[in-house]
>>> print(open('data_39.txt').read())   # compact mmCIF, C-alpha atoms
# COMPACT_ATOMS: atom_id res chain seq x y z
CA MET S 36 41.03 93.74 244.79
CA HIS S 37 43.52 95.29 242.40
CA PHE S 38 43.89 91.92 240.71
CA LEU S 39 40.11 91.66 240.30
CA LEU S 40 39.86 95.13 238.77
CA ALA S 41 42.77 94.52 236.43
CA THR S 42 41.10 91.52 234.81
CA THR S 43 38.95 92.71 231.98
CA GLY S 44 37.10 89.68 230.58
CA SER S 45 34.10 88.51 232.56
CA GLU S 46 35.30 84.89 232.29
CA GLU S 47 38.65 85.78 233.82
CA MET S 48 36.79 87.68 236.50
CA ALA S 49 34.55 84.70 237.26
CA LYS S 50 37.57 82.44 237.43
CA SER S 51 39.44 84.62 239.87
CA ILE S 52 36.38 84.97 242.08
CA LYS S 53 36.00 81.19 242.02
CA ALA S 54 39.65 80.77 242.99
CA ILE S 55 39.20 83.11 245.95
CA ALA S 56 36.01 81.30 246.92
CA LEU S 57 37.80 77.97 246.80
CA GLY S 58 40.60 79.25 249.01
CA VAL S 59 38.30 80.88 251.53
CA GLY S 60 35.87 77.95 251.58
CA ALA S 61 38.52 75.27 251.99
CA GLY S 62 40.27 77.39 254.61
CA LEU S 63 37.12 77.99 256.64
CA GLY S 64 36.29 74.31 256.32
CA THR S 65 39.43 73.38 258.24
CA ILE S 66 38.47 75.37 261.34
CA GLY S 67 35.80 73.04 262.66
CA PRO S 68 37.64 69.76 262.10
CA GLY S 69 40.80 71.39 263.49
CA VAL S 70 39.01 72.09 266.74
CA GLY S 71 37.46 68.62 266.62
CA VAL S 72 40.70 66.72 266.09
CA GLY S 73 42.39 68.69 268.86
CA TYR S 74 39.48 67.99 271.18
CA ILE S 75 39.57 64.25 270.43
CA PHE S 76 43.28 63.89 271.11
CA GLY S 77 43.09 66.10 274.18
CA LYS S 78 40.30 64.01 275.62
CA VAL S 79 42.15 60.81 274.78
CA ILE S 80 45.22 61.99 276.67
CA GLU S 81 42.98 62.96 279.58
CA ALA S 82 41.22 59.61 279.56
CA ILE S 83 44.41 57.56 279.32
CA THR S 84 46.13 59.45 282.12
CA ARG S 85 43.09 58.83 284.28
CA GLN S 86 42.66 55.17 283.41
CA PRO S 87 45.84 53.79 281.81
CA GLU S 88 44.42 50.25 281.85
CA MET S 89 41.74 51.31 279.32
CA ARG S 90 44.41 52.37 276.82
CA ASP S 91 43.75 49.77 274.11
CA GLU S 92 40.02 50.32 274.07
CA ILE S 93 40.38 54.11 274.01
CA THR S 94 42.97 54.01 271.24
CA SER S 95 40.69 52.12 268.86
CA ILE S 96 37.84 54.57 269.48
CA GLN S 97 40.28 57.45 269.10
CA TRP S 98 41.16 56.49 265.54
CA LEU S 99 37.48 56.12 264.66
CA GLY S 100 36.79 59.60 265.95
CA PHE S 101 39.88 61.01 264.29
CA ALA S 102 38.98 59.64 260.87
CA LEU S 103 35.36 60.74 261.11
CA THR S 104 36.41 64.28 262.03
CA GLU S 105 39.33 64.58 259.66
CA ALA S 106 37.16 63.62 256.68
CA ILE S 107 35.21 66.86 257.09
CA VAL S 108 38.23 68.92 255.99
CA PHE S 109 38.11 67.11 252.69
CA TYR S 110 34.37 67.67 252.24
CA ALA S 111 34.98 71.41 252.06
CA PHE S 112 38.07 70.98 249.90
CA ILE S 113 36.51 68.52 247.44
CA PHE S 114 33.26 70.40 246.96
CA GLY S 115 35.25 73.58 246.46
CA LEU S 116 37.38 71.88 243.81
CA ILE S 117 34.33 70.39 242.10
CA ALA S 118 32.76 73.85 241.94
CA PHE S 119 36.02 75.32 240.66
CA PHE S 120 36.86 72.85 237.92
CA LEU S 121 33.49 71.45 236.89
CA GLY S 122 31.03 74.17 237.85
CA MET J 258 75.24 69.47 266.20
CA SER J 259 71.84 69.79 267.81
CA THR J 260 68.58 68.95 266.05
CA ARG J 261 67.54 72.58 265.84
CA VAL J 262 70.72 73.57 264.03
CA LYS J 263 70.26 70.68 261.59
CA VAL J 264 66.67 71.71 260.83
CA LEU J 265 67.71 75.33 260.37
CA LEU J 266 70.56 74.30 258.06
CA ALA J 267 68.24 72.12 255.99
CA GLY J 268 65.74 74.98 255.71
CA ALA J 269 68.46 77.42 254.67
CA LEU J 270 69.78 74.94 252.09
CA LEU J 271 66.26 74.52 250.67
CA LEU J 272 65.83 78.29 250.47
CA ALA J 273 69.22 78.67 248.77
CA VAL J 274 68.34 75.99 246.20
CA MET J 275 65.02 77.71 245.53
CA ILE J 276 66.61 81.12 245.08
CA ALA J 277 69.30 79.67 242.80
CA LEU J 278 66.66 77.90 240.73
CA PHE J 279 64.63 81.08 240.45
CA ALA J 280 67.72 82.96 239.30
CA ILE J 281 68.37 80.36 236.59
CA THR J 282 64.86 79.56 235.36
CA GLY J 283 62.78 82.57 236.38
CA SER J 284 59.04 82.57 235.84
CA HIS J 285 57.24 81.31 232.76
CA GLY J 286 53.88 82.81 233.64
CA MET J 287 50.60 80.98 234.17
CA ASN J 288 50.23 77.79 232.17
CA THR J 289 46.78 77.61 230.59
CA GLU J 290 47.41 74.42 228.60
CA TYR J 291 47.73 72.09 231.54
CA GLN J 292 44.35 70.88 232.83
CA PRO J 293 44.74 69.19 236.23
CA GLN J 294 41.25 67.69 236.05
CA ASN J 295 42.34 65.57 233.07
CA GLU J 296 44.35 63.43 235.48
CA PHE J 297 41.02 62.10 236.76
CA LYS J 298 39.26 61.92 233.41
CA LEU J 299 38.09 58.41 232.51
CA GLU J 300 38.77 57.64 228.87
CA ASP J 301 37.07 54.64 227.30
CA TRP J 302 39.75 52.08 226.48
CA ILE J 303 37.46 49.32 225.28
CA ALA J 304 34.13 50.88 224.37
CA ILE J 305 31.08 48.86 225.43
CA HIS J 306 27.75 50.63 225.14
CA ALA J 307 24.47 49.00 226.09
CA GLY J 308 21.89 51.49 224.89
CA SER J 309 22.52 54.71 226.77
CA VAL J 310 24.48 52.92 229.50
CA ASN J 311 28.25 53.22 229.20
CA LEU J 312 29.89 49.98 230.30
CA SER J 313 33.29 50.72 228.78
CA ILE J 314 36.52 49.47 230.27
CA ASN J 315 38.44 52.46 231.61
CA LYS J 316 41.03 53.36 234.22
CA ALA J 317 38.68 52.95 237.17
CA VAL J 318 37.57 49.52 235.96
CA LEU J 319 41.20 48.45 235.64
CA TYR J 320 41.89 49.55 239.21
CA LEU J 321 38.79 47.74 240.46
CA LEU J 322 39.84 44.53 238.71
CA LEU J 323 43.39 44.87 240.03
CA ALA J 324 42.16 45.39 243.59
CA CYS J 325 39.72 42.46 243.32
CA GLY J 326 42.31 40.14 241.86
CA LEU J 327 45.03 41.09 244.32
CA THR J 328 42.75 40.83 247.35
CA ALA J 329 41.44 37.43 246.36
CA SER J 330 44.75 35.96 245.20
CA THR J 331 46.93 37.10 248.10
CA MET J 332 44.42 36.08 250.75
CA ILE J 333 43.72 32.68 249.15
CA TYR J 334 47.47 32.14 248.71
CA VAL J 335 48.15 32.88 252.38
CA ALA J 336 45.21 30.74 253.49
CA ARG J 337 46.35 27.76 251.39
CA ARG J 338 49.83 27.60 252.88
CA MET J 339 49.11 28.02 256.56
CA HIS J 340 51.96 26.83 258.75
CA GLU J 341 52.13 25.72 262.33
CA ARG J 342 54.95 28.20 262.82
CA PRO J 343 53.85 31.29 260.86
CA ASN J 344 56.27 33.19 258.67
CA LYS J 345 56.25 36.98 258.36
CA VAL J 346 53.49 37.22 255.76
CA GLN J 347 51.21 34.87 257.65
CA THR J 348 51.82 36.79 260.87
CA ALA J 349 50.90 40.06 259.17
CA VAL J 350 47.70 38.60 257.74
CA GLU J 351 46.84 37.09 261.12
CA VAL J 352 47.26 40.50 262.77
CA LEU J 353 44.95 41.96 260.12
CA TRP J 354 42.46 39.18 260.79
CA GLY J 355 42.66 39.89 264.51
CA VAL J 356 41.87 43.56 263.87
CA MET J 357 38.89 42.55 261.75
CA ARG J 358 37.56 40.12 264.37
CA ASP J 359 38.19 42.09 267.56
CA ASN J 360 37.94 45.73 266.49
CA ILE J 361 35.87 46.00 263.34
CA ALA J 362 33.36 43.23 263.95
CA GLY J 363 33.97 43.35 267.69
CA PRO J 364 31.34 42.83 270.38
CA ASN J 365 31.00 46.60 270.91
CA ASN J 366 29.78 47.10 267.35
CA ILE J 367 27.79 44.01 266.51
CA GLU J 368 26.44 41.06 268.45
CA ARG J 369 28.44 37.83 268.31
CA GLN J 370 25.97 35.76 266.30
CA MET J 371 25.57 38.47 263.65
CA ALA J 372 29.32 39.09 263.60
CA LEU J 373 30.02 35.45 262.76
CA ARG J 374 27.48 35.43 259.95
CA TRP J 375 28.50 38.78 258.47
CA PHE J 376 32.25 38.47 259.02
CA PRO J 377 32.98 37.47 255.39
CA PHE J 378 31.14 40.53 254.09
CA ILE J 379 32.73 43.00 256.51
CA GLY J 380 36.17 41.47 256.17
CA ALA J 381 35.99 41.43 252.38
CA LEU J 382 34.88 45.08 252.35
CA PHE J 383 37.79 46.02 254.62
CA LEU J 384 40.40 44.17 252.60
CA PHE J 385 39.04 45.32 249.25
CA ILE J 386 38.99 48.99 250.27
CA LEU J 387 42.42 48.65 251.88
CA TYR J 388 43.88 47.12 248.73
CA SER J 389 42.33 49.67 246.39
CA ASN J 390 43.45 52.54 248.63
CA ILE J 391 47.03 51.29 248.75
CA LEU J 392 47.05 50.50 245.02
CA GLY J 393 46.02 54.12 244.56
CA TYR J 394 49.41 55.28 245.79
CA LEU J 395 51.50 53.19 243.41
CA PRO J 396 52.30 55.06 240.20
CA LEU J 397 51.07 52.91 237.31
CA PRO J 398 51.23 53.63 233.56
CA VAL J 399 47.54 54.35 233.07
CA ASN J 400 47.34 57.98 231.93
CA SER J 401 46.29 57.34 228.33
CA GLY J 402 45.81 61.04 227.64
CA GLU J 403 49.52 61.65 228.05
CA THR J 404 52.15 59.32 226.55
CA PHE J 405 55.93 59.06 226.39
CA ARG J 406 58.11 57.03 224.01
CA LEU J 407 60.35 54.29 225.32
CA PHE J 408 62.23 52.02 222.83
CA GLY J 409 59.88 53.18 220.07
CA VAL J 410 56.70 52.27 221.94
CA ASN J 411 54.14 54.79 223.17
CA ILE J 412 53.66 54.12 226.87
CA PRO J 413 50.96 55.89 228.88
CA ALA J 414 52.39 58.26 231.46
CA PHE J 415 52.66 57.09 235.04
CA GLN J 416 50.10 58.49 237.41
CA ILE J 417 48.31 57.68 240.63
CA TYR J 418 44.62 56.96 240.61
CA ALA J 419 42.44 54.91 242.92
CA ALA J 420 39.18 53.14 242.31
CA THR J 421 37.97 54.59 245.60
CA ALA J 422 38.76 58.13 244.39
CA ASN J 423 35.69 57.76 242.17
CA ILE J 424 32.29 58.55 243.65
CA SER J 425 30.51 55.79 241.71
CA VAL J 426 32.61 53.05 243.29
CA THR J 427 32.21 54.26 246.85
CA LEU J 428 28.51 54.96 246.27
CA VAL J 429 27.94 51.36 245.18
CA LEU J 430 29.81 50.08 248.23
CA ALA J 431 27.76 52.34 250.49
CA LEU J 432 24.48 51.31 248.86
CA MET J 433 25.40 47.66 249.29
CA VAL J 434 25.89 48.23 253.00
CA TRP J 435 22.74 50.35 253.29
CA VAL J 436 20.48 47.83 251.57
CA SER J 437 21.91 44.88 253.46
CA TYR J 438 21.53 46.39 256.93
CA HIS J 439 17.92 47.34 256.26
CA ALA J 440 17.25 43.87 254.87
CA VAL J 441 18.76 42.27 257.97
CA GLY J 442 16.72 44.49 260.26
CA VAL J 443 13.46 43.79 258.45
CA ARG J 444 14.15 40.05 258.35
CA ARG J 445 14.99 39.89 262.05
CA LYS J 446 12.14 42.06 263.38
CA GLY J 447 9.55 42.42 260.62
CA LEU J 448 8.89 45.67 258.78
CA ILE J 449 6.75 47.60 261.28
CA PRO J 450 8.72 46.66 264.43
CA TYR J 451 11.93 47.48 262.56
CA LEU J 452 10.67 50.95 261.64
CA LYS J 453 9.50 51.38 265.23
CA SER J 454 12.97 50.45 266.50
CA TRP J 455 14.39 53.54 264.78
CA LEU J 456 12.73 55.64 267.47
CA PRO J 457 14.80 56.15 270.60
CA ALA J 458 13.77 54.23 273.71
CA GLY J 459 11.24 55.98 275.98
CA MET J 460 9.29 57.67 273.20
CA ASP J 461 6.05 56.22 274.61
CA SER J 462 6.12 58.43 277.66
CA VAL J 463 7.03 61.81 276.16
CA PRO J 464 4.48 64.66 276.30
CA ALA J 465 2.64 65.54 273.05
CA ARG J 466 3.22 62.07 271.64
CA ALA J 467 1.06 62.51 268.56
CA PHE J 468 3.28 65.35 267.44
CA MET J 469 6.67 64.19 268.70
CA VAL J 470 6.67 60.65 267.31
CA PRO J 471 6.26 61.64 263.61
CA PHE J 472 8.75 64.47 264.11
CA VAL J 473 11.47 62.25 265.58
CA PHE J 474 10.69 59.54 263.06
CA SER J 475 11.18 61.88 260.10
CA ILE J 476 14.52 63.00 261.53
CA GLU J 477 15.54 59.34 261.82
CA VAL J 478 14.50 58.71 258.21
CA ILE J 479 16.67 61.61 257.08
CA SER J 480 19.58 60.35 259.16
CA HIS J 481 19.33 56.92 257.55
CA PHE J 482 19.50 58.47 254.08
CA VAL J 483 22.38 60.71 255.10
CA ARG J 484 24.30 57.56 256.00
CA ILE J 485 24.58 56.73 252.27
CA ILE J 486 26.08 60.13 251.55
CA SER J 487 28.40 60.23 254.52
CA LEU J 488 29.65 56.68 254.00
CA SER J 489 30.39 57.16 250.31
CA VAL J 490 31.59 60.76 250.32
CA ARG J 491 33.94 60.24 253.28
CA LEU J 492 35.96 57.57 251.48
CA PHE J 493 35.76 59.30 248.09
CA ALA J 494 36.70 62.75 249.39
CA ASN J 495 39.62 61.43 251.43
CA MET J 496 41.12 59.56 248.53
CA LEU J 497 40.47 62.26 245.93
CA ALA J 498 41.79 65.04 248.17
CA GLY J 499 44.90 62.99 248.93
CA HIS J 500 45.55 62.34 245.27
CA LEU J 501 44.90 65.95 244.33
CA LEU J 502 47.26 67.28 246.98
CA ILE J 503 49.97 64.84 245.96
CA LEU J 504 49.39 65.80 242.31
CA PHE J 505 49.57 69.54 242.98
CA MET J 506 52.48 69.36 245.39
CA GLY J 507 54.42 66.80 243.35
CA GLY J 508 54.66 69.08 240.32
CA GLY J 509 51.19 70.17 239.27
CA LEU J 510 51.43 73.51 241.03
CA VAL J 511 54.87 74.21 239.56
CA VAL J 512 53.57 73.52 236.05
CA LEU J 513 50.40 75.58 236.58
CA VAL J 514 52.15 78.61 238.02
CA GLY J 515 55.21 78.24 235.83
CA VAL J 516 57.76 78.90 238.56
CA ALA J 517 60.26 76.04 238.72
CA ALA J 518 61.81 77.44 241.89
CA LEU J 519 58.74 76.35 243.87
CA GLY J 520 59.66 72.73 243.15
CA PRO J 521 61.98 71.91 246.08
CA LEU J 522 59.48 73.23 248.61
CA THR J 523 56.41 71.50 247.19
CA LEU J 524 58.34 68.25 246.77
CA VAL J 525 59.08 68.17 250.50
CA VAL J 526 55.40 68.77 251.26
CA ALA J 527 54.40 66.13 248.72
CA THR J 528 56.71 63.53 250.26
CA LEU J 529 55.46 64.20 253.77
CA PHE J 530 51.84 64.14 252.64
CA PHE J 531 52.41 60.95 250.64
CA ILE J 532 53.77 59.18 253.71
CA PHE J 533 50.87 60.48 255.82
CA GLU J 534 48.35 59.21 253.27
CA VAL J 535 49.88 55.78 252.76
CA VAL J 536 50.64 55.06 256.40
CA LEU J 537 47.54 56.54 258.04
CA ILE J 538 44.70 57.47 255.73
CA ALA J 539 44.66 54.43 253.41
CA GLY J 540 44.30 51.98 256.28
CA LEU J 541 42.18 54.23 258.46
CA GLN J 542 39.53 54.88 255.83
CA ALA J 543 39.18 51.16 255.09
CA PHE J 544 38.93 50.57 258.85
CA ILE J 545 36.27 53.27 259.24
CA PHE J 546 34.18 51.98 256.37
CA ALA J 547 34.20 48.43 257.70
CA THR J 548 33.62 49.54 261.30
CA LEU J 549 30.63 51.67 260.34
CA THR J 550 29.27 48.75 258.32
CA ALA J 551 29.51 46.57 261.41
CA ILE J 552 27.90 49.27 263.57
CA TYR J 553 25.00 49.75 261.15
CA LEU J 554 24.45 46.01 260.85
CA GLY J 555 24.61 45.64 264.62
CA GLY J 556 22.29 48.61 265.14
CA ALA J 557 19.69 47.19 262.76
CA VAL J 558 19.18 44.08 264.89
CA ALA J 559 19.80 45.62 268.33
CA GLU J 560 16.75 45.77 270.60
CA SER J 561 16.74 49.58 270.85
CA HIS J 562 19.26 52.35 270.55
>>> encode(input="data_39.txt", output="structure tokens")
Amino acid sequence: MHFLLATTGSEEMAKSIKAIALGVGAGLGTIGPGVGVGYIFGKVIEAITRQPEMRDEITSIQWLGFALTEAIVFYAFIFGLIAFFLG
Amino acid sequence: MSTRVKVLLAGALLLAVMIALFAITGSHGMNTEYQPQNEFKLEDWIAIHAGSVNLSINKAVLYLLLACGLTASTMIYVARRMHERPNKVQTAVEVLWGVMRDNIAGPNNIERQMALRWFPFIGALFLFILYSNILGYLPLPVNSGETFRLFGVNIPAFQIYAATANISVTLVLALMVWVSYHAVGVRRKGLIPYLKSWLPAGMDSVPARAFMVPFVFSIEVISHFVRIISLSVRLFANMLAGHLLILFMGGGLVVLVGVAALGPLTLVVATLFFIFEVVLIAGLQAFIFATLTAIYLGGAVAESH
């Protein structure tokens, strides 16, 4: 807050608010996928310990799920960056 | 010496190097000259303008051509010199082919007959995206905005850039997939039955049919359009975010903030992230794109979903 008050120009002010927004947005965006990735790997471990003979099939689905979930982190990050640098 | 002691020693050494660097160089304050977004700016190298359409040759076009050429030439080269007893390269390509046949265009995603007909398309998509992703992690002298002199010649600075880190490229790939799976569905079933097949099975017996059917149908229409966005943005965002993080960690942040002492720490992060991207993300994103293509194509001709 002190940093915000110290900046005098409105452009500087806008830039610092944007930087905070980028940080908060990208940070919040990692929560959901974090839970999701943990859930996927947890379930995979559960499934493989129950049915070890299904391992190959489960592993290929696991990577599909992992990549689909992990991409969501970058949605938040990229749109934040686009807003920061180009907006 | 146990692993924990080694890790602690390495951390302490890193910290000591950082503190020493800070003592020597200090802080230069925020750098306002350096614009990180210029790393991704596309400058026209050979200007070609057709009316208002810009068809110039730029960095992204070069990467596309490189990926096309490398995909075609390496695969044709390997295919031409097939041996009874495969060497290492042929074995690697055969493993890749096995992944494409059994996992990407496997019987879980797409029916056998369709898989055989569409295998060239799906396989080419997979290999092309894989090649352009991996090319994206090789530093090439393409940054024409920034040059250095070597033996009296101005050489563009080395940088990493990928064709797939550009939304236009991934959008075209996604649109290609989108149009072709709808075309296949319409050709197999006819227009009206194909549109009807979007509805989930058992919609005939739900209560308040006259209201529910249009409602569910409009949701399905939206979901089909969202597929374009999700397919293109997933690949684009993954590649761009990877490149941006490598750029910032591998020196961009140090230059922006003007504190050289941050360097050792960010370099470690950059190296780890680089390995993560090359080993996992580059292949995985190509795999996902091709797998989803196969699933969409398979879903368009499946009896009901």
>>> closest_atom_pairs(input="data_39.txt", of="chain J", to="chain S", cutoff="7 Å", atoms="only C-alpha atoms", output="JSON lines")
{"residue": "J:Arg491", "atom": "CA", "partner": "S:Ala106", "partner_atom": "CA", "distance": 5.8}
{"residue": "J:Ala494", "atom": "CA", "partner": "S:Phe109", "partner_atom": "CA", "distance": 5.6}
{"residue": "J:Asn495", "atom": "CA", "partner": "S:Phe109", "partner_atom": "CA", "distance": 6.0}
{"residue": "J:Ala498", "atom": "CA", "partner": "S:Phe109", "partner_atom": "CA", "distance": 6.2}
{"residue": "J:Leu541", "atom": "CA", "partner": "S:Ala102", "partner_atom": "CA", "distance": 6.7}
{"residue": "J:Gln542", "atom": "CA", "partner": "S:Ala102", "partner_atom": "CA", "distance": 7.0}
{"residue": "J:Ile545", "atom": "CA", "partner": "S:Leu99", "partner_atom": "CA", "distance": 6.2}
>>> write_last_selection(input="data_39.txt", atoms="C-alpha atoms", output="PDB file, in the frame of the given file")
ATOM      1  CA  ARG J 491      33.940  60.240 253.280  1.00  0.00           C
ATOM      2  CA  ALA J 494      36.700  62.750 249.390  1.00  0.00           C
ATOM      3  CA  ASN J 495      39.620  61.430 251.430  1.00  0.00           C
ATOM      4  CA  ALA J 498      41.790  65.040 248.170  1.00  0.00           C
ATOM      5  CA  LEU J 541      42.180  54.230 258.460  1.00  0.00           C
ATOM      6  CA  GLN J 542      39.530  54.880 255.830  1.00  0.00           C
ATOM      7  CA  ILE J 545      36.270  53.270 259.240  1.00  0.00           C
TER       8      ILE J 545
END
>>> residues_around(input="data_39.txt", residues="J:Leu373", least_positions_apart="6", cutoff="10 Å", atoms="all atoms listed in the file", output="PyMOL selection string")
chain J and resi 358+362+367
>>> atom_distance(input="data_39.txt", atom1="atom CA of J:Arg338", atom2="atom CA of J:Tyr388")
20.8 Å
>>> residues_around(input="data_39.txt", residues="J:Gly402", least_positions_apart="5", cutoff="10 Å", atoms="all atoms listed in the file", output="list in words")
Asn295, Glu296, Lys298, Leu299, Glu300, Pro413 and Ala414 of chain J
>>> residues_around(input="data_39.txt", residues="J:Val318", least_positions_apart="5", cutoff="9 Å", atoms="all atoms listed in the file", output="PyMOL selection string")
chain J and resi 313+323+420
>>> residues_around(input="data_39.txt", residues="stretch 279-288 of chain J", least_positions_apart="5", cutoff="12 Å", atoms="all atoms listed in the file", output="MDAnalysis selection string")
chainID J and resid 272:274 293 509:521
>>> closest_residue(input="data_39.txt", among="S:Asp91, S:Thr84, S:Tyr74, S:Phe119", to="J:Asp359", atoms="all atoms listed in the file")
S:Asp91
>>> atom_distance(input="data_39.txt", atom1="atom CA of J:Pro364", atom2="atom CA of J:Trp435")
20.6 Å
>>> atom_distance(input="data_39.txt", atom1="atom CA of J:Val399", atom2="atom CA of J:Thr331")
22.9 Å
>>> residues_around(input="data_39.txt", residues="J:Leu322", least_positions_apart="5", cutoff="10 Å", atoms="all atoms listed in the file", output="list in words")
Lys316, Ala317, Leu327, Thr328, Ser389 and Ala420 of chain J
>>> closest_residue(input="data_39.txt", among="J:Leu395, J:Ala551, J:Ile449, J:Ala559", to="J:Gly380", atoms="all atoms listed in the file")
J:Ala551
>>> axis_aligned_box(input="data_39.txt", around="stretch 461-479 of chain J", padding_each_side="4 Å", output="JSON")
{"center_x": 8.9, "center_y": 60.9, "center_z": 267.4, "size_x": 23.6, "size_y": 17.3, "size_z": 28.6}
>>> residues_near_point(input="data_39.txt", point="(7.0, 51.4, 263.8)", cutoff="12 Å", atoms="all atoms listed in the file", output="list in words")
Val443, Lys446, Gly447, Leu448, Ile449, Pro450, Tyr451, Leu452, Lys453, Ser454, Trp455, Leu456, Pro457, Met460, Asp461, Val470, Pro471, Val473, Phe474, Ser475, Glu477 and Val478 of chain J
>>> closest_residue(input="data_39.txt", among="J:Phe472, J:Trp375, J:Phe505, J:Phe415", to="J:Gln292", atoms="only C-alpha atoms")
J:Phe505
